[in-house]
Amino acid sequence: MQATVRSFDPVTRSGSVFLDDGSVLEFGTRAFDAGPLRLLRTGQRVNIVLSGDDIAFVTLSTFPLP
């Protein structure tokens with residue numbers, strides 16, 4: 001599923017994304033650390049993997065999903 005970065009805190013490595021329908025989902029350190037990324041910036045398009053209602057994985061749209 002694709003989303004757009006709403007916020008990202010490089011210290012905690014957590015943040016939030018906008019889904020295409022405008023809803024907001026938060027992601028924690030574990031979801032960010034599961035992928036190969038070092039930073040995210042506001043407005044960046046990402047792919048996310050959900051586990052139930054939680055984001056389990058965040059990566060750039062050009063990177064493969066697990």
# chains A, B, ... in the order shown; residues from 1 in each chain; ligands from 1
>>> residues_around(residues="Gln44 in chain A", least_positions_apart="6", cutoff="10 Å", atoms="only C-alpha atoms", output="ChimeraX atom specification")
/A:3-7,17,60-61
>>> write_last_selection(atoms="N, CA and C atoms", output="PDB file, in the first residue's frame")
ATOM      1  N   ALA A   3       1.637   5.398   0.616  1.00  0.00           N
ATOM      2  CA  ALA A   3       1.263   6.485   1.519  1.00  0.00           C
ATOM      3  C   ALA A   3       2.241   7.644   1.318  1.00  0.00           C
ATOM      4  N   THR A   4       1.951   8.764   1.962  1.00  0.00           N
ATOM      5  CA  THR A   4       2.798   9.950   1.906  1.00  0.00           C
ATOM      6  C   THR A   4       3.228  10.306   3.319  1.00  0.00           C
ATOM      7  N   VAL A   5       4.512  10.570   3.505  1.00  0.00           N
ATOM      8  CA  VAL A   5       5.027  10.882   4.837  1.00  0.00           C
ATOM      9  C   VAL A   5       4.418  12.194   5.329  1.00  0.00           C
ATOM     10  N   ARG A   6       3.809  12.145   6.487  1.00  0.00           N
ATOM     11  CA  ARG A   6       3.235  13.334   7.141  1.00  0.00           C
ATOM     12  C   ARG A   6       4.249  13.944   8.085  1.00  0.00           C
ATOM     13  N   SER A   7       4.935  13.076   8.867  1.00  0.00           N
ATOM     14  CA  SER A   7       5.953  13.541   9.804  1.00  0.00           C
ATOM     15  C   SER A   7       6.950  12.420  10.041  1.00  0.00           C
ATOM     16  N   VAL A  17       2.011   8.814   8.461  1.00  0.00           N
ATOM     17  CA  VAL A  17       1.792   8.917   7.022  1.00  0.00           C
ATOM     18  C   VAL A  17       0.336   9.245   6.750  1.00  0.00           C
ATOM     19  N   LEU A  60      10.791   3.118   0.739  1.00  0.00           N
ATOM     20  CA  LEU A  60      10.519   3.961  -0.425  1.00  0.00           C
ATOM     21  C   LEU A  60       9.776   3.165  -1.487  1.00  0.00           C
ATOM     22  N   SER A  61       9.029   3.864  -2.312  1.00  0.00           N
ATOM     23  CA  SER A  61       8.262   3.209  -3.359  1.00  0.00           C
ATOM     24  C   SER A  61       9.140   2.476  -4.365  1.00  0.00           C
TER      25      SER A  61
END
>>> residues_around(residues="Ala31 in chain A", least_positions_apart="3", cutoff="8 Å", atoms="only C-alpha atoms", output="short mmCIF file (atom, residue, chain, number, x, y, z; two decimals) with all heavy atoms, in the first residue's frame")
data_model
loop_
_atom_site.label_atom_id
_atom_site.label_comp_id
_atom_site.auth_asym_id
_atom_site.auth_seq_id
_atom_site.Cartn_x
_atom_site.Cartn_y
_atom_site.Cartn_z
N PHE A 27 3.50 5.29 12.67
CA PHE A 27 4.39 4.14 12.66
C PHE A 27 5.47 4.36 13.71
O PHE A 27 5.88 5.47 13.98
CB PHE A 27 4.99 3.86 11.28
CG PHE A 27 5.90 4.94 10.75
CD1 PHE A 27 7.26 4.94 11.04
CD2 PHE A 27 5.39 5.96 9.97
CE1 PHE A 27 8.09 5.93 10.54
CE2 PHE A 27 6.21 6.95 9.46
CZ PHE A 27 7.57 6.94 9.76
N GLY A 28 5.91 3.25 14.29
CA GLY A 28 6.92 3.30 15.34
C GLY A 28 8.29 2.94 14.83
O GLY A 28 8.50 2.63 13.65
N ALA A 34 12.64 -1.93 10.30
CA ALA A 34 12.45 -3.15 9.52
C ALA A 34 12.91 -2.97 8.07
O ALA A 34 13.24 -3.93 7.39
CB ALA A 34 10.99 -3.58 9.55
N GLY A 35 12.94 -1.73 7.61
CA GLY A 35 13.36 -1.44 6.24
C GLY A 35 14.78 -0.93 6.16
O GLY A 35 15.47 -0.79 7.17
N ILE A 55 1.25 -0.27 11.16
CA ILE A 55 2.26 -0.32 10.11
C ILE A 55 3.42 -1.18 10.61
O ILE A 55 3.98 -0.93 11.67
CB ILE A 55 2.75 1.09 9.74
CG1 ILE A 55 1.59 1.93 9.17
CG2 ILE A 55 3.90 1.02 8.75
CD1 ILE A 55 1.96 3.37 8.86
N ALA A 56 3.76 -2.20 9.83
CA ALA A 56 4.83 -3.12 10.22
C ALA A 56 6.13 -2.86 9.45
O ALA A 56 7.19 -3.31 9.87
CB ALA A 56 4.39 -4.56 9.98
N PHE A 57 6.05 -2.14 8.31
CA PHE A 57 7.22 -1.95 7.45
C PHE A 57 7.02 -0.68 6.64
O PHE A 57 5.94 -0.43 6.11
CB PHE A 57 7.33 -3.16 6.51
CG PHE A 57 8.59 -3.21 5.70
CD1 PHE A 57 9.74 -3.79 6.21
CD2 PHE A 57 8.63 -2.71 4.41
CE1 PHE A 57 10.91 -3.86 5.45
CE2 PHE A 57 9.77 -2.77 3.65
CZ PHE A 57 10.92 -3.34 4.17
N VAL A 58 8.07 0.13 6.54
CA VAL A 58 8.05 1.36 5.75
C VAL A 58 9.28 1.36 4.85
O VAL A 58 10.40 1.12 5.32
CB VAL A 58 8.12 2.63 6.65
CG1 VAL A 58 8.13 3.88 5.81
CG2 VAL A 58 6.99 2.67 7.65
#
>>> select_by_dssp(residues="chain A", states="helix (DSSP H, G or I)", output="PyMOL selection string")
chain A and resi 29-33
>>> atom_distance(atom1="CA of Val46 in chain A", atom2="CA of Phe63 in chain A")
9.1 Å
>>> residues_around(residues="range 24-26 of chain A", least_positions_apart="5", cutoff="9 Å", atoms="only C-alpha atoms", output="ChimeraX atom specification")
/A:6,14-19,53-55
>>> decode(residues="range 27-41 of chain A", atoms="all heavy atoms", output="PDB file, in the first residue's frame")
ATOM      1  N   PHE A  27       3.498   5.291  12.666  1.00  0.00           N
ATOM      2  CA  PHE A  27       4.389   4.140  12.664  1.00  0.00           C
ATOM      3  C   PHE A  27       5.473   4.357  13.707  1.00  0.00           C
ATOM      4  O   PHE A  27       5.884   5.467  13.985  1.00  0.00           O
ATOM      5  CB  PHE A  27       4.994   3.864  11.276  1.00  0.00           C
ATOM      6  CG  PHE A  27       5.899   4.941  10.753  1.00  0.00           C
ATOM      7  CD1 PHE A  27       7.262   4.936  11.036  1.00  0.00           C
ATOM      8  CD2 PHE A  27       5.391   5.956   9.967  1.00  0.00           C
ATOM      9  CE1 PHE A  27       8.093   5.932  10.540  1.00  0.00           C
ATOM     10  CE2 PHE A  27       6.210   6.952   9.463  1.00  0.00           C
ATOM     11  CZ  PHE A  27       7.565   6.939   9.756  1.00  0.00           C
ATOM     12  N   GLY A  28       5.909   3.251  14.292  1.00  0.00           N
ATOM     13  CA  GLY A  28       6.917   3.304  15.339  1.00  0.00           C
ATOM     14  C   GLY A  28       8.294   2.939  14.833  1.00  0.00           C
ATOM     15  O   GLY A  28       8.501   2.634  13.653  1.00  0.00           O
ATOM     16  N   THR A  29       9.225   2.935  15.755  1.00  0.00           N
ATOM     17  CA  THR A  29      10.619   2.623  15.451  1.00  0.00           C
ATOM     18  C   THR A  29      10.760   1.259  14.804  1.00  0.00           C
ATOM     19  O   THR A  29      11.523   1.096  13.854  1.00  0.00           O
ATOM     20  CB  THR A  29      11.448   2.678  16.748  1.00  0.00           C
ATOM     21  OG1 THR A  29      11.279   3.959  17.345  1.00  0.00           O
ATOM     22  CG2 THR A  29      12.914   2.439  16.481  1.00  0.00           C
ATOM     23  N   ARG A  30      10.033   0.290  15.289  1.00  0.00           N
ATOM     24  CA  ARG A  30      10.139  -1.076  14.766  1.00  0.00           C
ATOM     25  C   ARG A  30       9.798  -1.125  13.270  1.00  0.00           C
ATOM     26  O   ARG A  30      10.489  -1.788  12.496  1.00  0.00           O
ATOM     27  CB  ARG A  30       9.227  -2.004  15.539  1.00  0.00           C
ATOM     28  CG  ARG A  30       9.311  -3.446  15.047  1.00  0.00           C
ATOM     29  CD  ARG A  30       8.442  -4.346  15.843  1.00  0.00           C
ATOM     30  NE  ARG A  30       9.114  -4.586  17.117  1.00  0.00           N
ATOM     31  CZ  ARG A  30       8.640  -5.345  18.066  1.00  0.00           C
ATOM     32  NH1 ARG A  30       7.472  -5.925  17.919  1.00  0.00           N
ATOM     33  NH2 ARG A  30       9.305  -5.528  19.176  1.00  0.00           N
ATOM     34  N   ALA A  31       8.756  -0.430  12.836  1.00  0.00           N
ATOM     35  CA  ALA A  31       8.365  -0.425  11.419  1.00  0.00           C
ATOM     36  C   ALA A  31       9.432   0.256  10.569  1.00  0.00           C
ATOM     37  O   ALA A  31       9.749  -0.197   9.473  1.00  0.00           O
ATOM     38  CB  ALA A  31       7.028   0.270  11.240  1.00  0.00           C
ATOM     39  N   PHE A  32      10.002   1.340  11.065  1.00  0.00           N
ATOM     40  CA  PHE A  32      11.041   2.039  10.313  1.00  0.00           C
ATOM     41  C   PHE A  32      12.306   1.201  10.245  1.00  0.00           C
ATOM     42  O   PHE A  32      12.911   1.055   9.178  1.00  0.00           O
ATOM     43  CB  PHE A  32      11.343   3.408  10.939  1.00  0.00           C
ATOM     44  CG  PHE A  32      12.349   4.194  10.154  1.00  0.00           C
ATOM     45  CD1 PHE A  32      11.991   4.838   8.990  1.00  0.00           C
ATOM     46  CD2 PHE A  32      13.660   4.276  10.579  1.00  0.00           C
ATOM     47  CE1 PHE A  32      12.926   5.546   8.253  1.00  0.00           C
ATOM     48  CE2 PHE A  32      14.606   4.984   9.857  1.00  0.00           C
ATOM     49  CZ  PHE A  32      14.234   5.628   8.688  1.00  0.00           C
ATOM     50  N   ASP A  33      12.720   0.632  11.358  1.00  0.00           N
ATOM     51  CA  ASP A  33      13.947  -0.165  11.411  1.00  0.00           C
ATOM     52  C   ASP A  33      13.845  -1.472  10.612  1.00  0.00           C
ATOM     53  O   ASP A  33      14.869  -2.064  10.276  1.00  0.00           O
ATOM     54  CB  ASP A  33      14.341  -0.468  12.849  1.00  0.00           C
ATOM     55  CG  ASP A  33      14.880   0.758  13.576  1.00  0.00           C
ATOM     56  OD1 ASP A  33      15.164   1.776  12.903  1.00  0.00           O
ATOM     57  OD2 ASP A  33      15.002   0.700  14.806  1.00  0.00           O
ATOM     58  N   ALA A  34      12.635  -1.927  10.300  1.00  0.00           N
ATOM     59  CA  ALA A  34      12.453  -3.150   9.518  1.00  0.00           C
ATOM     60  C   ALA A  34      12.911  -2.967   8.071  1.00  0.00           C
ATOM     61  O   ALA A  34      13.236  -3.933   7.393  1.00  0.00           O
ATOM     62  CB  ALA A  34      10.991  -3.584   9.553  1.00  0.00           C
ATOM     63  N   GLY A  35      12.943  -1.727   7.614  1.00  0.00           N
ATOM     64  CA  GLY A  35      13.357  -1.440   6.243  1.00  0.00           C
ATOM     65  C   GLY A  35      14.776  -0.928   6.155  1.00  0.00           C
ATOM     66  O   GLY A  35      15.466  -0.791   7.167  1.00  0.00           O
ATOM     67  N   PRO A  36      15.222  -0.609   4.935  1.00  0.00           N
ATOM     68  CA  PRO A  36      16.616  -0.211   4.713  1.00  0.00           C
ATOM     69  C   PRO A  36      16.857   1.302   4.803  1.00  0.00           C
ATOM     70  O   PRO A  36      17.943   1.756   4.465  1.00  0.00           O
ATOM     71  CB  PRO A  36      16.870  -0.705   3.290  1.00  0.00           C
ATOM     72  CG  PRO A  36      15.550  -0.498   2.616  1.00  0.00           C
ATOM     73  CD  PRO A  36      14.525  -0.839   3.668  1.00  0.00           C
ATOM     74  N   LEU A  37      15.885   2.060   5.251  1.00  0.00           N
ATOM     75  CA  LEU A  37      15.988   3.523   5.190  1.00  0.00           C
ATOM     76  C   LEU A  37      16.790   4.108   6.344  1.00  0.00           C
ATOM     77  O   LEU A  37      16.871   3.530   7.422  1.00  0.00           O
ATOM     78  CB  LEU A  37      14.595   4.140   5.182  1.00  0.00           C
ATOM     79  CG  LEU A  37      13.665   3.664   4.072  1.00  0.00           C
ATOM     80  CD1 LEU A  37      12.315   4.334   4.206  1.00  0.00           C
ATOM     81  CD2 LEU A  37      14.271   3.919   2.711  1.00  0.00           C
ATOM     82  N   ARG A  38      17.338   5.304   6.092  1.00  0.00           N
ATOM     83  CA  ARG A  38      18.029   6.062   7.143  1.00  0.00           C
ATOM     84  C   ARG A  38      17.212   7.267   7.579  1.00  0.00           C
ATOM     85  O   ARG A  38      17.232   7.641   8.730  1.00  0.00           O
ATOM     86  CB  ARG A  38      19.384   6.545   6.641  1.00  0.00           C
ATOM     87  CG  ARG A  38      20.334   5.428   6.356  1.00  0.00           C
ATOM     88  CD  ARG A  38      21.654   5.970   5.945  1.00  0.00           C
ATOM     89  NE  ARG A  38      22.459   4.932   5.330  1.00  0.00           N
ATOM     90  CZ  ARG A  38      23.725   5.051   5.076  1.00  0.00           C
ATOM     91  NH1 ARG A  38      24.349   6.171   5.357  1.00  0.00           N
ATOM     92  NH2 ARG A  38      24.385   4.073   4.518  1.00  0.00           N
ATOM     93  N   LEU A  39      16.518   7.894   6.636  1.00  0.00           N
ATOM     94  CA  LEU A  39      15.705   9.088   6.909  1.00  0.00           C
ATOM     95  C   LEU A  39      14.473   9.094   6.018  1.00  0.00           C
ATOM     96  O   LEU A  39      14.457   8.434   4.980  1.00  0.00           O
ATOM     97  CB  LEU A  39      16.498  10.367   6.628  1.00  0.00           C
ATOM     98  CG  LEU A  39      17.668  10.688   7.534  1.00  0.00           C
ATOM     99  CD1 LEU A  39      18.439  11.881   6.975  1.00  0.00           C
ATOM    100  CD2 LEU A  39      17.188  10.996   8.939  1.00  0.00           C
ATOM    101  N   LEU A  40      13.482   9.862   6.421  1.00  0.00           N
ATOM    102  CA  LEU A  40      12.324  10.170   5.588  1.00  0.00           C
ATOM    103  C   LEU A  40      12.105  11.668   5.641  1.00  0.00           C
ATOM    104  O   LEU A  40      12.480  12.323   6.617  1.00  0.00           O
ATOM    105  CB  LEU A  40      11.074   9.461   6.117  1.00  0.00           C
ATOM    106  CG  LEU A  40      11.004   7.954   5.928  1.00  0.00           C
ATOM    107  CD1 LEU A  40       9.799   7.402   6.684  1.00  0.00           C
ATOM    108  CD2 LEU A  40      10.924   7.599   4.463  1.00  0.00           C
ATOM    109  N   ARG A  41      11.483  12.204   4.605  1.00  0.00           N
ATOM    110  CA  ARG A  41      11.149  13.621   4.627  1.00  0.00           C
ATOM    111  C   ARG A  41       9.663  13.799   4.342  1.00  0.00           C
ATOM    112  O   ARG A  41       9.042  12.980   3.668  1.00  0.00           O
ATOM    113  CB  ARG A  41      11.999  14.409   3.645  1.00  0.00           C
ATOM    114  CG  ARG A  41      11.913  13.983   2.236  1.00  0.00           C
ATOM    115  CD  ARG A  41      12.803  14.839   1.321  1.00  0.00           C
ATOM    116  NE  ARG A  41      13.048  14.202   0.068  1.00  0.00           N
ATOM    117  CZ  ARG A  41      12.155  13.995  -0.898  1.00  0.00           C
ATOM    118  NH1 ARG A  41      10.912  14.363  -0.718  1.00  0.00           N
ATOM    119  NH2 ARG A  41      12.482  13.408  -2.026  1.00  0.00           N
TER     120      ARG A  41
END
